[in-house]
Amino acid sequence: MTSATESTVEHTAKYSAGHAAQSRLGYGHGSTGNSDKGLGTKFGLGSATHGMVTSAVKWSVVCLAVLFIFGPFLWLVAHAFVTSWTYPNLWPDGFTMRWWSVVFSDEQLQASIGNSLFLAPMTVLVSSVICLPAAYAFSRFNFPGRRIFQVSLLAVNAFPKMGLYVAMAAIFYGLHLMETVAGIMIVHVISTLVNMTWIPAAAFSSVPRALEEAASDAGAGKFRVFWSITLPIAAPGILVAMVMSFLASFDESQGTYLIGAPKYMTMPTQMYSMVLNYPQQVSAVFALILAIPSVALLLICRKYIMGGRLAEGFQIR
């Protein structure tokens, strides 16, 4: 009995020792959990590494995009306030505001700024008078040739504009519109036709007919329905069209240069001569002034532009 008990105790001790040794070496029953844990840790490290690589690639692309977009703007800002900055110097030779005074004291540059600030709002006004009724007609009336007229408006942008402007110049010579404000206005209005027709047409189409019918049933006339119901709802889309038309007119250069130069020079056309006839610091200052209205208007109207009004305007309905 005693020998049997001793044998059992000895066997149990050997089993425990063997089990402990196997556990230390990574074998046995306990090894499965440890092995799984090790594999899990291994794959966990792999996932973390993959996530880090993905994040690094993503941020690299973002940084390159930011550099691509804002790099030229930063270059302009830097050169607008320096005396000179030449290669291979890593730091400018000095800082100054002299170039800004050169721009605002030059009569030609002042005239081009005034021309741009006059032509762009006038273009938006004339284009609105011509295109908004057409946009309302495209939205509310199903007349023969409706879609053909809509698509034909895109023909302005379907061909190289310089060829179009050369053909227009040949006609303008016969009509004595070369180097006139009227000739430049025609060029600018043509460049805004698509924006001022398609986007407001989509805005008018988004107005629920039920609201207009309810106002008519309440006794409101057609003009009051349009002024109180249709126009307020469509106003954001019309605002986007006006902003885009202002920017198109403000940045128009080829047709303006061909029709209006040298008598009428705007800011974009003046940039052609500034590259050759002025220091690059003056060109940087002038380019910043040219960019200010565009940036300001886009920031003011970003809620409507990012809200899909611009994309909705280029759908054929």
# chains A, B, ... in the order shown; residues from 1 in each chain; ligands from 1
>>> residues_around(residues="segment 252-269 of chain A", least_positions_apart="3", cutoff="10 Å", atoms="only C-alpha atoms", output="count of residues only")
47
>>> select_by_dssp(residues="segment 15-258 of chain A", states="helix (DSSP H, G or I)", output="JSON, numbers by chain")
{"A": [15, 16, 17, 18, 19, 20, 21, 22, 23, 24, 25, 29, 30, 31, 32, 33, 34, 35, 36, 37, 38, 39, 40, 41, 42, 43, 44, 45, 46, 47, 48, 49, 50, 51, 52, 53, 54, 55, 56, 57, 58, 59, 60, 61, 62, 63, 64, 65, 66, 67, 68, 69, 70, 71, 72, 73, 74, 75, 76, 77, 78, 79, 80, 98, 99, 100, 101, 102, 103, 104, 105, 107, 108, 109, 110, 111, 112, 113, 114, 115, 116, 117, 118, 119, 120, 121, 122, 123, 124, 125, 126, 127, 128, 129, 130, 131, 132, 133, 134, 135, 136, 137, 138, 139, 140, 146, 147, 148, 149, 150, 151, 152, 155, 156, 157, 158, 161, 162, 163, 164, 165, 166, 167, 168, 169, 170, 171, 172, 173, 174, 175, 181, 182, 183, 184, 185, 186, 187, 188, 189, 190, 191, 193, 194, 195, 196, 197, 198, 199, 200, 201, 202, 203, 204, 205, 209, 210, 211, 212, 213, 214, 215, 216, 217, 222, 223, 224, 225, 226, 227, 228, 229, 230, 231, 232, 233, 234, 235, 236, 237, 238, 239, 240, 241, 242, 243, 244, 245, 246, 247, 248, 249, 250, 254, 255, 256, 257, 258]}
>>> atom_distance(atom1="atom CA of Val102 of chain A", atom2="atom CA of Ser283 of chain A")
10.5 Å
>>> residues_around(residues="Phe138 of chain A", least_positions_apart="6", cutoff="10 Å", atoms="only C-alpha atoms", output="VMD selection string")
chain A and resid 132 146 to 147 149 to 150 197 to 198 200 to 202 204 to 205 317
>>> write_last_selection(atoms="all heavy atoms", output="short mmCIF file (atom, residue, chain, number, x, y, z; two decimals), in the first residue's frame")
data_model
loop_
_atom_site.label_atom_id
_atom_site.label_comp_id
_atom_site.auth_asym_id
_atom_site.auth_seq_id
_atom_site.Cartn_x
_atom_site.Cartn_y
_atom_site.Cartn_z
N LEU A 132 -31.22 84.83 -67.31
CA LEU A 132 -32.17 84.34 -66.30
C LEU A 132 -33.56 84.07 -66.89
O LEU A 132 -34.17 83.04 -66.55
CB LEU A 132 -32.24 85.33 -65.13
CG LEU A 132 -31.01 85.38 -64.23
CD1 LEU A 132 -31.22 86.35 -63.08
CD2 LEU A 132 -30.67 83.99 -63.70
N ARG A 146 -36.02 72.38 -77.11
CA ARG A 146 -35.53 72.83 -75.80
C ARG A 146 -34.15 72.26 -75.49
O ARG A 146 -33.22 73.00 -75.12
CB ARG A 146 -36.54 72.43 -74.73
CG ARG A 146 -36.10 72.64 -73.30
CD ARG A 146 -37.22 72.28 -72.35
NE ARG A 146 -36.77 72.26 -70.97
CZ ARG A 146 -36.27 71.19 -70.36
NH1 ARG A 146 -36.16 70.05 -71.05
NH2 ARG A 146 -35.87 71.25 -69.11
N ARG A 147 -34.01 70.96 -75.63
CA ARG A 147 -32.72 70.34 -75.30
C ARG A 147 -31.65 70.72 -76.31
O ARG A 147 -30.47 70.82 -75.96
CB ARG A 147 -32.88 68.82 -75.24
CG ARG A 147 -33.68 68.35 -74.04
CD ARG A 147 -33.44 66.90 -73.76
NE ARG A 147 -34.09 66.47 -72.53
CZ ARG A 147 -33.94 65.26 -71.98
NH1 ARG A 147 -33.16 64.37 -72.58
NH2 ARG A 147 -34.57 64.96 -70.87
N PHE A 149 -31.34 73.63 -77.75
CA PHE A 149 -30.86 74.94 -77.33
C PHE A 149 -29.97 74.84 -76.10
O PHE A 149 -28.95 75.53 -75.99
CB PHE A 149 -32.05 75.86 -77.04
CG PHE A 149 -32.69 76.44 -78.28
CD1 PHE A 149 -33.97 76.08 -78.64
CD2 PHE A 149 -32.00 77.34 -79.07
CE1 PHE A 149 -34.56 76.61 -79.78
CE2 PHE A 149 -32.58 77.87 -80.21
CZ PHE A 149 -33.87 77.51 -80.57
N GLN A 150 -30.34 73.96 -75.15
CA GLN A 150 -29.53 73.79 -73.96
C GLN A 150 -28.13 73.29 -74.29
O GLN A 150 -27.12 73.82 -73.81
CB GLN A 150 -30.20 72.82 -72.98
CG GLN A 150 -31.29 73.43 -72.12
CD GLN A 150 -31.78 72.45 -71.08
OE1 GLN A 150 -32.39 71.44 -71.41
NE2 GLN A 150 -31.51 72.75 -69.83
N THR A 197 -27.04 80.21 -67.47
CA THR A 197 -28.25 79.56 -67.98
C THR A 197 -28.48 78.21 -67.31
O THR A 197 -29.58 77.95 -66.80
CB THR A 197 -28.16 79.38 -69.50
OG1 THR A 197 -27.92 80.64 -70.12
CG2 THR A 197 -29.45 78.79 -70.04
N TRP A 198 -27.49 77.36 -67.29
CA TRP A 198 -27.67 76.01 -66.78
C TRP A 198 -27.90 75.98 -65.27
O TRP A 198 -28.81 75.29 -64.79
CB TRP A 198 -26.45 75.16 -67.15
CG TRP A 198 -26.49 74.66 -68.55
CD1 TRP A 198 -26.52 75.41 -69.69
CD2 TRP A 198 -26.50 73.29 -68.98
NE1 TRP A 198 -26.54 74.60 -70.80
CE2 TRP A 198 -26.53 73.30 -70.40
CE3 TRP A 198 -26.47 72.08 -68.31
CZ2 TRP A 198 -26.54 72.12 -71.14
CZ3 TRP A 198 -26.48 70.91 -69.05
CH2 TRP A 198 -26.52 70.93 -70.45
N PRO A 200 -28.96 78.44 -63.03
CA PRO A 200 -30.28 78.93 -62.63
C PRO A 200 -31.43 78.05 -63.11
O PRO A 200 -32.45 77.94 -62.42
CB PRO A 200 -30.35 80.33 -63.27
CG PRO A 200 -28.93 80.75 -63.40
CD PRO A 200 -28.19 79.49 -63.74
N ALA A 201 -31.29 77.42 -64.29
CA ALA A 201 -32.35 76.52 -64.74
C ALA A 201 -32.53 75.37 -63.77
O ALA A 201 -33.67 74.97 -63.46
CB ALA A 201 -32.01 76.00 -66.14
N ALA A 202 -31.44 74.82 -63.27
CA ALA A 202 -31.54 73.76 -62.27
C ALA A 202 -32.13 74.29 -60.97
O ALA A 202 -32.89 73.60 -60.28
CB ALA A 202 -30.16 73.15 -62.01
N PHE A 204 -34.31 76.80 -60.66
CA PHE A 204 -35.76 76.97 -60.85
C PHE A 204 -36.47 75.61 -60.86
O PHE A 204 -37.60 75.50 -60.37
CB PHE A 204 -36.03 77.71 -62.16
CG PHE A 204 -35.69 79.17 -62.12
CD1 PHE A 204 -34.91 79.75 -63.12
CD2 PHE A 204 -36.16 79.97 -61.09
CE1 PHE A 204 -34.60 81.09 -63.09
CE2 PHE A 204 -35.85 81.32 -61.05
CZ PHE A 204 -35.07 81.89 -62.05
N SER A 205 -35.83 74.59 -61.41
CA SER A 205 -36.45 73.26 -61.45
C SER A 205 -36.57 72.65 -60.06
O SER A 205 -37.41 71.77 -59.84
CB SER A 205 -35.63 72.33 -62.35
OG SER A 205 -35.62 72.79 -63.69
N ARG A 317 -32.16 68.04 -68.03
CA ARG A 317 -33.44 67.54 -67.50
C ARG A 317 -34.54 67.79 -68.51
O ARG A 317 -34.46 68.68 -69.33
CB ARG A 317 -33.77 68.22 -66.18
CG ARG A 317 -32.71 67.96 -65.11
CD ARG A 317 -33.06 68.63 -63.82
NE ARG A 317 -32.04 68.39 -62.81
CZ ARG A 317 -32.09 68.85 -61.57
NH1 ARG A 317 -33.13 69.57 -61.18
NH2 ARG A 317 -31.13 68.60 -60.71
#
>>> residues_around(residues="Ile229 of chain A", least_positions_apart="6", cutoff="10 Å", atoms="only C-alpha atoms", output="list of chain:residue names")
A:Val207, A:Pro208, A:Arg209, A:Leu211, A:Glu212, A:Ala215, A:Phe223
>>> atom_distance(atom1="atom CA of Met196 of chain A", atom2="atom CA of Pro121 of chain A")
13.5 Å
>>> closest_residue(among="A:Val62, A:Leu298, A:Ala220, A:Val103", to="Tyr278 of chain A", atoms="only C-alpha atoms")
A:Val103
